[in-house]
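For reference, my_file.cif (mmCIF, C-alpha atoms):
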data_target
#
loop_
_atom_site.label_atom_id
_atom_site.label_comp_id
_atom_site.auth_asym_id
_atom_site.auth_seq_id
_atom_site.Cartn_x
_atom_site.Cartn_y
_atom_site.Cartn_z
CA MET A 1 63.73 54.46 -20.59
CA PHE A 2 64.34 58.15 -20.08
CA LEU A 3 65.40 59.32 -16.66
CA LEU A 4 63.84 62.45 -15.29
CA LEU A 5 66.21 65.26 -14.42
CA PRO A 6 65.99 66.62 -10.85
CA PHE A 7 64.30 69.81 -12.10
CA ASP A 8 61.73 67.84 -14.11
CA SER A 9 61.08 65.58 -11.13
CA LEU A 10 60.50 68.63 -8.91
CA VAL A 11 58.02 70.10 -11.40
CA VAL A 12 56.09 66.81 -11.59
CA ASN A 13 55.97 66.55 -7.79
CA LEU A 14 54.75 70.13 -7.41
CA LEU A 15 52.10 69.56 -10.09
CA GLY A 16 50.93 66.40 -8.34
CA ILE A 17 50.76 68.14 -4.97
CA SER A 18 48.83 71.08 -6.51
CA ILE A 19 46.27 68.77 -8.12
CA THR A 20 45.85 66.82 -4.88
CA VAL A 21 45.34 70.00 -2.84
CA LEU A 22 42.87 71.35 -5.44
CA PHE A 23 40.71 68.23 -5.43
CA THR A 24 40.85 68.03 -1.64
CA LEU A 25 39.61 71.61 -1.33
CA LEU A 26 37.00 70.87 -4.01
CA LEU A 27 35.77 67.86 -2.05
CA VAL A 28 35.78 69.49 1.38
CA PHE A 29 34.41 72.94 0.56
CA ILE A 30 32.08 72.26 -2.40
CA ILE A 31 31.12 68.64 -3.08
CA VAL A 32 30.53 67.44 0.50
CA PRO A 33 28.52 70.58 1.51
CA ALA A 34 26.51 70.19 -1.71
CA ILE A 35 25.68 66.57 -0.85
CA PHE A 36 24.32 67.55 2.57
CA GLY A 37 22.73 70.80 1.38
CA VAL A 38 24.78 73.11 3.59
CA SER A 39 26.81 76.21 2.80
CA PHE A 40 29.78 77.90 4.45
CA GLY A 41 28.63 81.33 3.20
CA ILE A 42 31.62 81.74 0.88
CA ARG A 43 29.41 82.47 -2.13
CA LYS A 44 27.52 85.24 -0.33
CA VAL A 45 30.77 86.95 0.66
CA TYR A 46 31.92 86.56 -2.94
CA MET A 47 28.66 88.14 -4.17
CA LYS A 48 28.92 91.14 -1.81
CA THR A 49 32.54 91.74 -2.87
CA LEU A 50 31.56 91.69 -6.53
CA LEU A 51 28.75 94.19 -5.93
CA LYS A 52 31.17 96.69 -4.42
CA ILE A 53 33.55 96.28 -7.37
CA PHE A 54 30.70 96.70 -9.88
CA GLN A 55 29.54 99.89 -8.17
CA TRP A 56 33.04 101.34 -8.27
CA ALA A 57 33.48 100.40 -11.96
CA THR A 58 30.12 101.94 -12.90
CA LEU A 59 30.89 105.21 -11.09
CA ARG A 60 34.30 105.31 -12.77
CA ILE A 61 32.71 104.86 -16.22
CA GLU A 62 30.15 107.62 -15.59
CA ARG A 63 32.83 110.00 -14.31
CA GLY A 64 35.16 109.23 -17.22
CA ALA A 65 32.37 109.72 -19.76
CA LYS A 66 31.48 113.05 -18.19
CA GLU A 67 35.11 114.21 -18.27
CA LYS A 68 35.43 113.34 -21.96
CA ASN A 69 31.94 114.63 -22.86
CA HIS A 70 30.89 111.18 -24.10
CA PRO A 71 27.12 110.55 -24.20
CA LEU A 72 26.24 107.90 -21.62
CA TYR A 73 23.86 105.26 -22.91
CA LYS A 74 21.01 104.47 -20.54
CA PRO A 75 18.81 101.47 -21.29
CA TYR A 76 15.07 101.89 -21.53
CA VAL A 77 13.75 100.06 -18.51
CA ASN A 78 10.03 100.59 -19.06
CA GLY A 79 9.97 100.80 -22.84
CA ILE A 80 10.15 103.68 -25.28
CA ILE A 81 6.45 104.48 -25.47
CA ALA A 82 4.15 104.95 -22.49
CA LYS A 83 1.01 102.90 -23.12
CA ASP A 84 -2.21 103.10 -21.16
CA PRO A 85 -4.25 99.90 -20.80
CA THR A 86 -7.27 101.03 -22.85
CA SER A 87 -9.52 99.07 -25.17
CA LEU A 88 -9.91 99.48 -28.93
CA GLU A 89 -13.40 100.93 -28.45
CA GLU A 90 -12.25 103.56 -25.94
CA GLU A 91 -9.34 104.72 -28.10
CA ILE A 92 -11.43 105.05 -31.27
CA LYS A 93 -14.07 106.93 -29.30
CA GLU A 94 -11.40 109.41 -28.18
CA ILE A 95 -10.09 109.83 -31.75
CA ARG A 96 -13.60 110.53 -33.08
CA ARG A 97 -14.33 112.98 -30.29
CA SER A 98 -11.16 114.98 -30.96
CA GLY A 99 -11.48 114.75 -34.74
CA SER A 100 -14.88 114.73 -36.39
CA GLY A 101 -16.80 115.26 -33.17
CA LYS A 102 -19.09 112.32 -33.95
CA ALA A 103 -19.82 109.80 -31.25
CA LEU A 104 -18.95 106.13 -31.49
CA GLU A 105 -22.65 105.27 -31.71
CA THR A 106 -22.52 106.41 -35.35
CA PRO A 107 -22.63 103.09 -37.25
CA GLU A 108 -20.81 104.30 -40.34
CA PHE A 109 -17.11 103.82 -40.86
CA GLU A 110 -15.12 106.97 -40.11
CA LEU A 111 -11.88 107.80 -41.92
CA SER A 112 -10.38 108.91 -38.61
CA ASP A 113 -10.59 105.30 -37.35
CA ILE A 114 -7.60 104.51 -39.57
CA PHE A 115 -5.40 106.63 -37.32
CA TYR A 116 -5.88 104.15 -34.47
CA PHE A 117 -4.51 101.24 -36.51
CA CYS A 118 -1.70 103.38 -37.98
CA ARG A 119 -0.62 104.46 -34.53
CA LYS A 120 -0.69 100.92 -33.21
CA GLY A 121 1.43 99.75 -36.14
CA ILE A 122 4.04 102.48 -35.61
CA GLU A 123 4.12 101.79 -31.84
CA THR A 124 4.74 98.11 -32.55
CA ILE A 125 7.63 98.92 -34.88
CA MET A 126 9.21 101.44 -32.49
CA ASP A 127 8.67 99.47 -29.28
CA ASP A 128 8.15 95.81 -30.18
CA GLU A 129 6.86 93.96 -27.11
CA VAL A 130 7.85 90.57 -28.52
CA THR A 131 11.26 90.86 -30.19
CA LYS A 132 12.93 92.61 -27.26
CA ARG A 133 11.93 89.71 -24.99
CA PHE A 134 14.40 87.49 -26.88
CA SER A 135 17.54 89.57 -26.38
CA ALA A 136 19.71 89.98 -23.31
CA GLU A 137 18.90 92.79 -20.89
CA GLU A 138 21.15 95.84 -21.11
CA LEU A 139 22.34 96.64 -17.60
CA GLU A 140 22.47 100.10 -16.07
CA SER A 141 25.64 99.13 -14.21
CA TRP A 142 28.74 97.40 -15.58
CA ASN A 143 29.66 93.98 -14.19
CA LEU A 144 33.08 93.70 -15.87
CA LEU A 145 31.59 91.47 -18.59
CA SER A 146 32.07 93.33 -21.88
CA ARG A 147 29.04 91.55 -23.36
CA THR A 148 26.58 93.13 -20.92
CA ASN A 149 27.05 96.86 -21.34
CA TYR A 150 27.69 99.09 -24.34
CA ASN A 151 29.11 101.92 -22.25
CA PHE A 152 32.49 100.31 -21.76
CA GLN A 153 35.26 102.04 -23.64
CA TYR A 154 38.81 102.82 -22.60
CA ILE A 155 38.32 105.12 -19.60
CA SER A 156 41.39 104.56 -17.46
CA LEU A 157 44.29 102.18 -16.99
CA ARG A 158 42.99 100.98 -13.62
CA LEU A 159 39.61 100.05 -15.08
CA THR A 160 41.20 98.21 -18.00
CA VAL A 161 43.56 96.31 -15.67
CA LEU A 162 40.60 95.37 -13.47
CA TRP A 163 38.71 94.05 -16.51
CA GLY A 164 41.76 92.03 -17.62
CA LEU A 165 42.17 90.61 -14.13
CA GLY A 166 38.51 89.59 -14.22
CA VAL A 167 39.06 87.75 -17.52
CA LEU A 168 41.97 85.81 -16.00
CA ILE A 169 39.96 84.87 -12.91
CA ARG A 170 36.92 83.77 -14.89
CA TYR A 171 38.70 81.79 -17.61
CA CYS A 172 41.79 80.48 -15.78
CA PHE A 173 40.34 79.73 -12.34
CA LEU A 174 36.53 79.66 -12.29
CA LEU A 175 36.04 77.92 -15.66
CA PRO A 176 38.28 74.86 -14.93
CA LEU A 177 36.78 74.60 -11.43
CA ARG A 178 33.22 74.71 -12.78
CA ILE A 179 33.94 72.20 -15.53
CA ALA A 180 35.36 69.79 -12.93
CA LEU A 181 32.25 70.22 -10.76
CA ALA A 182 29.88 69.78 -13.71
CA PHE A 183 31.72 66.63 -14.80
CA THR A 184 31.53 65.30 -11.23
CA GLY A 185 27.81 66.03 -10.92
CA ILE A 186 26.87 64.51 -14.29
CA SER A 187 29.07 61.43 -13.72
CA LEU A 188 27.53 60.81 -10.30
CA LEU A 189 24.03 61.30 -11.76
CA VAL A 190 24.55 58.72 -14.51
CA THR A 191 26.33 56.24 -12.22
CA GLY A 192 24.00 56.69 -9.25
CA THR A 193 20.72 56.45 -11.18
CA THR A 194 21.98 53.43 -13.13
CA VAL A 195 22.84 51.58 -9.91
CA VAL A 196 19.57 52.57 -8.21
CA GLY A 197 17.69 51.44 -11.32
CA TYR A 198 18.71 47.80 -10.66
CA LEU A 199 17.11 47.80 -7.22
CA PRO A 200 13.60 46.31 -6.82
CA ASN A 201 10.74 48.80 -6.67
CA GLY A 202 9.95 49.92 -3.15
CA ARG A 203 10.56 52.57 -0.55
CA CYS A 204 14.31 51.98 -0.49
CA LYS A 205 14.63 52.57 -4.25
CA GLU A 206 12.40 55.64 -4.07
CA PHE A 207 14.40 57.10 -1.17
CA LEU A 208 17.78 56.51 -2.85
CA SER A 209 16.53 57.82 -6.21
CA LYS A 210 15.32 61.08 -4.70
CA HIS A 211 18.53 61.73 -2.82
CA VAL A 212 20.82 60.77 -5.70
CA HIS A 213 18.99 63.25 -7.95
CA LEU A 214 19.05 65.94 -5.26
CA MET A 215 22.77 65.43 -4.52
CA CYS A 216 23.81 65.58 -8.18
CA TYR A 217 21.69 68.63 -8.97
CA ARG A 218 23.17 70.47 -6.02
CA ILE A 219 26.68 69.74 -7.27
CA CYS A 220 25.69 71.02 -10.75
CA VAL A 221 24.30 74.18 -9.13
CA ARG A 222 27.68 74.72 -7.47
CA ALA A 223 29.27 74.34 -10.92
CA LEU A 224 27.53 77.61 -11.90
CA THR A 225 28.29 79.35 -8.59
CA ALA A 226 24.53 79.68 -8.27
CA ILE A 227 23.24 81.67 -5.31
CA ILE A 228 19.55 80.82 -4.95
CA THR A 229 17.02 82.20 -2.49
CA TYR A 230 13.90 80.06 -2.03
CA HIS A 231 10.73 81.63 -0.66
CA ASP A 232 7.56 80.03 0.82
CA ARG A 233 8.88 76.48 0.80
CA GLU A 234 5.67 75.25 2.44
CA ASN A 235 4.06 75.61 -1.02
CA ARG A 236 6.52 73.25 -2.75
CA PRO A 237 4.87 70.91 -5.31
CA ARG A 238 3.56 67.58 -4.04
CA ASN A 239 3.02 64.18 -5.62
CA GLY A 240 0.24 63.93 -8.18
CA GLY A 241 0.49 67.59 -9.17
CA ILE A 242 2.04 69.70 -11.91
CA CYS A 243 4.70 72.33 -11.25
CA VAL A 244 4.65 75.15 -13.83
CA ALA A 245 7.24 77.93 -13.98
CA ASN A 246 8.37 80.74 -16.24
CA HIS A 247 11.23 79.73 -18.53
CA THR A 248 14.50 81.62 -18.96
CA SER A 249 17.19 78.99 -19.30
CA PRO A 250 17.80 75.23 -19.45
CA ILE A 251 19.27 75.56 -15.95
CA ASP A 252 15.77 76.35 -14.62
CA VAL A 253 15.53 72.58 -14.22
CA ILE A 254 18.49 72.23 -11.87
CA ILE A 255 17.56 75.44 -10.03
CA LEU A 256 14.23 73.84 -9.02
CA ALA A 257 15.43 70.22 -8.78
CA SER A 258 18.17 71.16 -6.31
CA ASP A 259 15.42 72.01 -3.78
CA GLY A 260 12.80 69.37 -4.56
CA TYR A 261 11.94 66.16 -6.38
CA TYR A 262 10.36 66.25 -9.84
CA ALA A 263 9.53 64.02 -12.75
CA MET A 264 10.88 65.62 -15.91
CA VAL A 265 8.99 65.88 -19.19
CA GLY A 266 10.79 66.20 -22.50
CA GLN A 267 11.83 64.83 -25.84
CA ILE A 268 14.28 61.95 -26.08
CA HIS A 269 17.71 63.10 -27.26
CA GLY A 270 20.81 61.37 -28.50
CA GLY A 271 24.44 61.71 -27.43
CA LEU A 272 25.33 62.64 -23.87
CA MET A 273 21.84 63.94 -23.11
CA GLY A 274 20.38 60.62 -24.24
CA VAL A 275 22.72 58.71 -21.92
CA ILE A 276 21.64 60.91 -18.99
CA GLN A 277 17.93 60.48 -19.83
CA ARG A 278 18.16 56.69 -20.09
CA ALA A 279 19.99 56.50 -16.75
CA MET A 280 17.50 58.83 -15.01
CA VAL A 281 14.39 56.98 -16.17
CA LYS A 282 15.72 53.72 -14.65
CA ALA A 283 15.59 55.23 -11.17
CA CYS A 284 12.57 57.54 -11.48
CA PRO A 285 9.41 57.58 -13.68
CA HIS A 286 10.28 60.56 -15.88
CA VAL A 287 8.12 61.16 -18.96
CA TRP A 288 10.20 61.10 -22.17
CA PHE A 289 8.67 61.33 -25.65
CA GLU A 290 9.97 60.30 -29.05
CA ARG A 291 10.29 63.11 -31.60
CA SER A 292 7.21 61.87 -33.50
CA GLU A 293 5.15 61.65 -30.29
CA VAL A 294 5.76 65.25 -29.20
CA LYS A 295 3.51 66.58 -31.98
CA ASP A 296 0.65 64.27 -30.93
CA ARG A 297 -1.09 66.51 -28.41
CA HIS A 298 -3.62 63.85 -27.36
CA LEU A 299 -0.89 61.28 -26.70
CA VAL A 300 1.07 63.77 -24.59
CA ALA A 301 -2.05 64.70 -22.61
CA ARG A 302 -2.87 61.02 -22.01
CA ARG A 303 0.64 60.20 -20.75
CA LEU A 304 0.63 63.20 -18.42
CA THR A 305 -2.87 62.35 -17.14
CA GLU A 306 -1.80 58.78 -16.35
CA HIS A 307 1.19 60.12 -14.44
CA VAL A 308 -0.66 62.64 -12.24
CA GLN A 309 -3.47 60.18 -11.45
CA ASP A 310 -0.93 58.05 -9.59
CA LYS A 311 -0.53 60.00 -6.34
CA SER A 312 2.64 58.09 -5.49
CA LYS A 313 4.53 59.55 -8.45
CA LEU A 314 6.57 62.76 -8.29
CA PRO A 315 5.08 66.07 -9.48
CA ILE A 316 5.69 66.84 -13.14
CA LEU A 317 7.87 69.87 -13.95
CA ILE A 318 6.65 71.80 -17.01
CA PHE A 319 7.53 75.15 -18.61
CA PRO A 320 4.32 76.07 -20.48
CA GLU A 321 5.86 78.98 -22.45
CA GLY A 322 7.63 76.43 -24.62
CA THR A 323 10.70 78.63 -25.18
CA CYS A 324 13.15 80.74 -23.19
CA ILE A 325 12.22 84.39 -22.45
CA ASN A 326 14.77 86.95 -21.21
CA ASN A 327 13.35 87.08 -17.66
CA THR A 328 11.69 90.46 -18.11
CA SER A 329 8.25 89.03 -18.83
CA VAL A 330 6.02 85.97 -18.97
CA MET A 331 4.50 85.07 -22.33
CA MET A 332 1.53 82.91 -23.29
CA PHE A 333 1.20 79.53 -21.55
CA LYS A 334 0.28 76.58 -23.75
CA LYS A 335 -3.06 75.24 -22.54
CA GLY A 336 -2.19 71.51 -22.71
CA SER A 337 -0.83 71.33 -19.16
CA PHE A 338 -4.00 72.94 -17.80
CA GLU A 339 -6.49 70.60 -19.47
CA ILE A 340 -5.47 67.60 -17.38
CA GLY A 341 -7.38 68.62 -14.27
CA ALA A 342 -4.52 68.17 -11.82
CA THR A 343 -3.51 70.59 -9.06
CA VAL A 344 -1.10 73.19 -10.42
CA TYR A 345 1.79 74.48 -8.32
CA PRO A 346 3.00 77.79 -9.82
CA VAL A 347 6.64 78.82 -9.36
CA ALA A 348 8.16 82.20 -10.22
CA ILE A 349 11.88 82.40 -11.05
CA LYS A 350 13.62 85.77 -11.24
CA TYR A 351 17.33 86.04 -12.13
CA ASP A 352 19.58 88.93 -11.17
CA PRO A 353 21.51 89.83 -14.38
CA GLN A 354 24.15 91.84 -12.50
CA PHE A 355 26.37 88.78 -12.08
CA GLY A 356 25.59 86.93 -15.31
CA ASP A 357 22.78 86.71 -17.83
CA ALA A 358 21.02 83.33 -17.58
CA PHE A 359 18.85 83.86 -20.67
CA TRP A 360 19.43 81.37 -23.48
CA ASN A 361 18.85 82.87 -26.92
CA SER A 362 18.62 79.54 -28.75
CA SER A 363 18.28 81.31 -32.11
CA LYS A 364 21.71 82.88 -31.65
CA TYR A 365 23.76 80.49 -29.50
CA GLY A 366 24.13 76.72 -29.47
CA MET A 367 24.09 74.80 -26.19
CA VAL A 368 27.89 74.52 -25.94
CA THR A 369 28.40 78.26 -26.55
CA TYR A 370 25.65 79.08 -24.08
CA LEU A 371 27.15 76.88 -21.35
CA LEU A 372 30.57 78.47 -21.95
CA ARG A 373 29.05 81.93 -21.47
CA MET A 374 27.34 80.75 -18.29
CA MET A 375 30.46 79.17 -16.85
CA THR A 376 32.54 82.26 -17.57
CA SER A 377 30.08 84.60 -15.85
CA TRP A 378 30.69 85.72 -12.29
CA ALA A 379 27.75 83.85 -10.80
CA ILE A 380 24.09 82.97 -11.31
CA VAL A 381 21.92 84.71 -8.74
CA CYS A 382 18.18 84.17 -8.60
CA SER A 383 15.10 84.07 -6.38
CA VAL A 384 12.46 81.34 -6.49
CA TRP A 385 8.94 81.80 -5.13
CA TYR A 386 6.64 78.82 -4.51
CA LEU A 387 3.08 80.08 -4.94
CA PRO A 388 0.00 78.48 -3.30
CA PRO A 389 -1.48 75.60 -5.33
CA MET A 390 -4.20 76.46 -7.83
CA THR A 391 -7.03 74.38 -9.29
CA ARG A 392 -9.26 74.95 -12.28
CA GLN A 393 -12.59 76.58 -11.38
CA PRO A 394 -15.87 75.10 -12.70
CA GLU A 395 -16.56 78.11 -14.94
CA GLU A 396 -13.01 78.29 -16.34
CA ASP A 397 -11.73 76.77 -19.56
CA ALA A 398 -8.09 75.66 -19.93
CA VAL A 399 -7.00 78.97 -21.51
CA GLN A 400 -8.52 81.08 -18.73
CA PHE A 401 -6.93 78.86 -16.09
CA ALA A 402 -3.54 79.10 -17.81
CA ASN A 403 -3.81 82.91 -17.96
CA ARG A 404 -4.72 83.07 -14.26
CA VAL A 405 -1.67 81.00 -13.31
CA LYS A 406 0.54 83.07 -15.63
CA SER A 407 -0.66 86.33 -14.08
CA ALA A 408 0.10 85.04 -10.58
CA ILE A 409 3.65 84.08 -11.61
CA ALA A 410 4.24 87.43 -13.35
CA ARG A 411 2.93 89.40 -10.37
CA GLN A 412 5.09 87.53 -7.84
CA GLY A 413 8.26 87.64 -9.96
CA GLY A 414 7.89 91.31 -10.93
CA LEU A 415 7.60 90.34 -14.61
CA VAL A 416 5.51 91.84 -17.42
CA ASP A 417 2.44 89.74 -18.19
CA LEU A 418 2.14 89.43 -21.99
CA LEU A 419 -0.50 87.68 -24.09
CA TRP A 420 1.87 86.99 -27.00
CA ASP A 421 2.88 83.45 -27.93
CA GLY A 422 6.57 82.71 -27.35
CA GLY A 423 6.52 80.84 -30.67
CA LEU A 424 6.80 84.24 -32.37
CA LYS A 425 10.50 83.91 -31.61
CA ARG A 426 10.75 81.83 -34.80
CA GLU A 427 7.36 82.24 -36.50
CA LYS A 428 5.23 85.06 -37.87
CA VAL A 429 2.00 86.27 -36.30
CA LYS A 430 -0.82 83.85 -37.10
CA ASP A 431 -3.55 85.00 -39.44
CA THR A 432 -6.13 84.11 -36.79
CA PHE A 433 -4.77 86.85 -34.53
CA LYS A 434 -5.09 89.44 -37.30
CA GLU A 435 -8.62 88.22 -38.05
CA GLU A 436 -9.48 88.54 -34.36
CA GLN A 437 -8.63 92.26 -34.42
CA GLN A 438 -10.65 92.72 -37.61
CA LYS A 439 -13.64 90.92 -36.08
CA LEU A 440 -13.39 93.05 -32.94
CA TYR A 441 -13.57 96.28 -34.95
CA SER A 442 -16.32 94.92 -37.19
CA LYS A 443 -18.36 93.77 -34.21
CA MET A 444 -17.98 97.19 -32.62
CA ILE A 445 -19.43 98.91 -35.68
CA VAL A 446 -22.07 96.34 -36.60
CA GLY A 447 -23.02 95.72 -33.00
CA ASN A 448 -23.72 99.42 -32.36
CA HIS A 449 -25.78 99.57 -35.54
CA GLU A 450 -27.87 96.57 -34.47
CA ASP A 451 -28.46 98.13 -31.03
CA ARG A 452 -29.71 101.33 -32.68
CA SER A 453 -32.04 99.34 -34.96
CA ARG A 454 -33.62 97.51 -32.01
CA SER A 455 -34.16 100.78 -30.15
#
Any chance you could give the structure as structure tokens?
Amino acid sequence: MFLLLPFDSLVVNLLGISITVLFTLLLVFIIVPAIFGVSFGIRKVYMKTLLKIFQWATLRIERGAKEKNHPLYKPYVNGIIAKDPTSLEEEIKEIRRSGSGKALETPEFELSDIFYFCRKGIETIMDDEVTKRFSAEELESWNLLSRTNYNFQYISLRLTVLWGLGVLIRYCFLLPLRIALAFTGISLLVTGTTVVGYLPNGRCKEFLSKHVHLMCYRICVRALTAIITYHDRENRPRNGGICVANHTSPIDVIILASDGYYAMVGQIHGGLMGVIQRAMVKACPHVWFERSEVKDRHLVARRLTEHVQDKSKLPILIFPEGTCINNTSVMMFKKGSFEIGATVYPVAIKYDPQFGDAFWNSSKYGMVTYLLRMMTSWAIVCSVWYLPPMTRQPEEDAVQFANRVKSAIARQGGLVDLLWDGGLKREKVKDTFKEEQQKLYSKMIVGNHEDRSRS
């Protein structure tokens, strides 16, 4: 057996004391407040301090660029091309009036009509409404994360030292702390839900299940240094309903679940995620589907209908866009969730990208890489609005109802309301959409001709 030298013994003792102090502080200032849903306000002070540093860094960059005559890149906030919300018929009428002078009532095809479609095609290439929704926002200010602003170059020694200090803080202090918190939250979730799952069904099991989920999600939220502001909590989803929200990141789930109780819907996974899902479903009636079942739309609708008809079960949490959007807009909602006939509780989530970009570009980053980027950001800051419940009107079909809910979410969150399908992230435009534009133009010409014939 090797004997430790006095110096080695001192190092081991200091290391042990440091670890003990760290976990004590972790327990007292983060885990225990998370369990009881209270805050000491440390994160808000941290956020205000960061804002002041970001403002100074941005002003220093602008001044340095001006001194060196460097062009300063400014992101396009509202797009490259100004577009007025006009219809196809109105725009072609204007082109004919300024060109040939013939009115739109003329049934014949006009060569000048081609200019409308040419212009639309060029506008789409220059200012694509879809593709730019799947890339991170370029910030006007610099938040000391080199991945969020293209303006950063070597400006001064102080700015470079500040950036290096930020890297050390994020990777050497915040990252280990957040990993420890995430591990704690996930471990407690698996252990707690497994234990609760062995209890007989009843009010006691339901009470413990809800609070175990809530406690663990709050700890996971602390693992991201998430600063969340909830608005209009009286509109929070209730049992027997469906909660629908815009989708930016996988953490949307814990953002909402740390303030309420939900039944999750999703595909069954393997590995660690599969372990978590199997533990969760023992304590709470979540709705998990096999890979083969996800494609069966009728089976999914039936399972969801059975769930919402039981008013004792938790509201279902669904993201109808089906993919993550970069939090600048809301794209088409899949109609399946709106065919069930249940009360819909819309929720708008808006992230502040100044402290860290929450958007998950799944085509570019895997889950591990994405989580590493999240945990090495300064913080995740967002606002959540609970909108009044909405029900399908007698004259509405599922698509119209989905669009009405989507518009309400976009309006409240300050997001752009788009009709495009988020599936275009990986697929091409469907032929049916192209045919719809062709039919619209054809109907405009043929319809006017038929009206003239009747008169």
Exercise for review: Run the PyMOL selection byres ((chain A and resi 231-244) around 10) against the file shown and list the residues it catches, as a ChimeraX atom specification.
Suggested key: /A:228-230,245-247,256,259-263,304-321,333,337-338,340-348,383-389,402,405-406,409
What would the file look like if the residues just selected were written as a PDB file, in the frame of the given file with C-alpha atoms?
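Written file, again37.pdb:
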ATOM      1  CA  ILE A 228      19.550  80.820  -4.950  1.00  0.00           C
ATOM      2  CA  THR A 229      17.020  82.200  -2.490  1.00  0.00           C
ATOM      3  CA  TYR A 230      13.900  80.060  -2.030  1.00  0.00           C
ATOM      4  CA  ALA A 245       7.240  77.930 -13.980  1.00  0.00           C
ATOM      5  CA  ASN A 246       8.370  80.740 -16.240  1.00  0.00           C
ATOM      6  CA  HIS A 247      11.230  79.730 -18.530  1.00  0.00           C
ATOM      7  CA  LEU A 256      14.230  73.840  -9.020  1.00  0.00           C
ATOM      8  CA  ASP A 259      15.420  72.010  -3.780  1.00  0.00           C
ATOM      9  CA  GLY A 260      12.800  69.370  -4.560  1.00  0.00           C
ATOM     10  CA  TYR A 261      11.940  66.160  -6.380  1.00  0.00           C
ATOM     11  CA  TYR A 262      10.360  66.250  -9.840  1.00  0.00           C
ATOM     12  CA  ALA A 263       9.530  64.020 -12.750  1.00  0.00           C
ATOM     13  CA  LEU A 304       0.630  63.200 -18.420  1.00  0.00           C
ATOM     14  CA  THR A 305      -2.870  62.350 -17.140  1.00  0.00           C
ATOM     15  CA  GLU A 306      -1.800  58.780 -16.350  1.00  0.00           C
ATOM     16  CA  HIS A 307       1.190  60.120 -14.440  1.00  0.00           C
ATOM     17  CA  VAL A 308      -0.660  62.640 -12.240  1.00  0.00           C
ATOM     18  CA  GLN A 309      -3.470  60.180 -11.450  1.00  0.00           C
ATOM     19  CA  ASP A 310      -0.930  58.050  -9.590  1.00  0.00           C
ATOM     20  CA  LYS A 311      -0.530  60.000  -6.340  1.00  0.00           C
ATOM     21  CA  SER A 312       2.640  58.090  -5.490  1.00  0.00           C
ATOM     22  CA  LYS A 313       4.530  59.550  -8.450  1.00  0.00           C
ATOM     23  CA  LEU A 314       6.570  62.760  -8.290  1.00  0.00           C
ATOM     24  CA  PRO A 315       5.080  66.070  -9.480  1.00  0.00           C
ATOM     25  CA  ILE A 316       5.690  66.840 -13.140  1.00  0.00           C
ATOM     26  CA  LEU A 317       7.870  69.870 -13.950  1.00  0.00           C
ATOM     27  CA  ILE A 318       6.650  71.800 -17.010  1.00  0.00           C
ATOM     28  CA  PHE A 319       7.530  75.150 -18.610  1.00  0.00           C
ATOM     29  CA  PRO A 320       4.320  76.070 -20.480  1.00  0.00           C
ATOM     30  CA  GLU A 321       5.860  78.980 -22.450  1.00  0.00           C
ATOM     31  CA  PHE A 333       1.200  79.530 -21.550  1.00  0.00           C
ATOM     32  CA  SER A 337      -0.830  71.330 -19.160  1.00  0.00           C
ATOM     33  CA  PHE A 338      -4.000  72.940 -17.800  1.00  0.00           C
ATOM     34  CA  ILE A 340      -5.470  67.600 -17.380  1.00  0.00           C
ATOM     35  CA  GLY A 341      -7.380  68.620 -14.270  1.00  0.00           C
ATOM     36  CA  ALA A 342      -4.520  68.170 -11.820  1.00  0.00           C
ATOM     37  CA  THR A 343      -3.510  70.590  -9.060  1.00  0.00           C
ATOM     38  CA  VAL A 344      -1.100  73.190 -10.420  1.00  0.00           C
ATOM     39  CA  TYR A 345       1.790  74.480  -8.320  1.00  0.00           C
ATOM     40  CA  PRO A 346       3.000  77.790  -9.820  1.00  0.00           C
ATOM     41  CA  VAL A 347       6.640  78.820  -9.360  1.00  0.00           C
ATOM     42  CA  ALA A 348       8.160  82.200 -10.220  1.00  0.00           C
ATOM     43  CA  SER A 383      15.100  84.070  -6.380  1.00  0.00           C
ATOM     44  CA  VAL A 384      12.460  81.340  -6.490  1.00  0.00           C
ATOM     45  CA  TRP A 385       8.940  81.800  -5.130  1.00  0.00           C
ATOM     46  CA  TYR A 386       6.640  78.820  -4.510  1.00  0.00           C
ATOM     47  CA  LEU A 387       3.080  80.080  -4.940  1.00  0.00           C
ATOM     48  CA  PRO A 388       0.000  78.480  -3.300  1.00  0.00           C
ATOM     49  CA  PRO A 389      -1.480  75.600  -5.330  1.00  0.00           C
ATOM     50  CA  ALA A 402      -3.540  79.100 -17.810  1.00  0.00           C
ATOM     51  CA  VAL A 405      -1.670  81.000 -13.310  1.00  0.00           C
ATOM     52  CA  LYS A 406       0.540  83.070 -15.630  1.00  0.00           C
ATOM     53  CA  ILE A 409       3.650  84.080 -11.610  1.00  0.00           C
TER      54      ILE A 409
END
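CA of Met47 (chain A) to CA of Gly166 (chain A) spans 14.1 Å [interatomic distance, one decimal].
For the atom pair formed by CA of Val330 (chain A) and CA of Glu395 (chain A), the distance is 24.2 Å, given to one decimal.
The space separating CA of Leu199 (chain A) from CA of Val300 (chain A) comes to 28.5 Å.
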Point to revise | Residue contacts of region 273-280 of chain A (12 Å, all atoms listed in the file) excluding same-chain residues fewer than 6 positions away, as number ranges by chain | key: A: 185-198, 209-210, 212-213, 216, 262-267, 286-290, 367
**Study point:** Expected answer as number ranges by chain: all residues with atoms within 12 Å of (5.3, 91.2, -12.9), all atoms listed in the file
**Key:** A: 246, 327-331, 348-350, 406-418
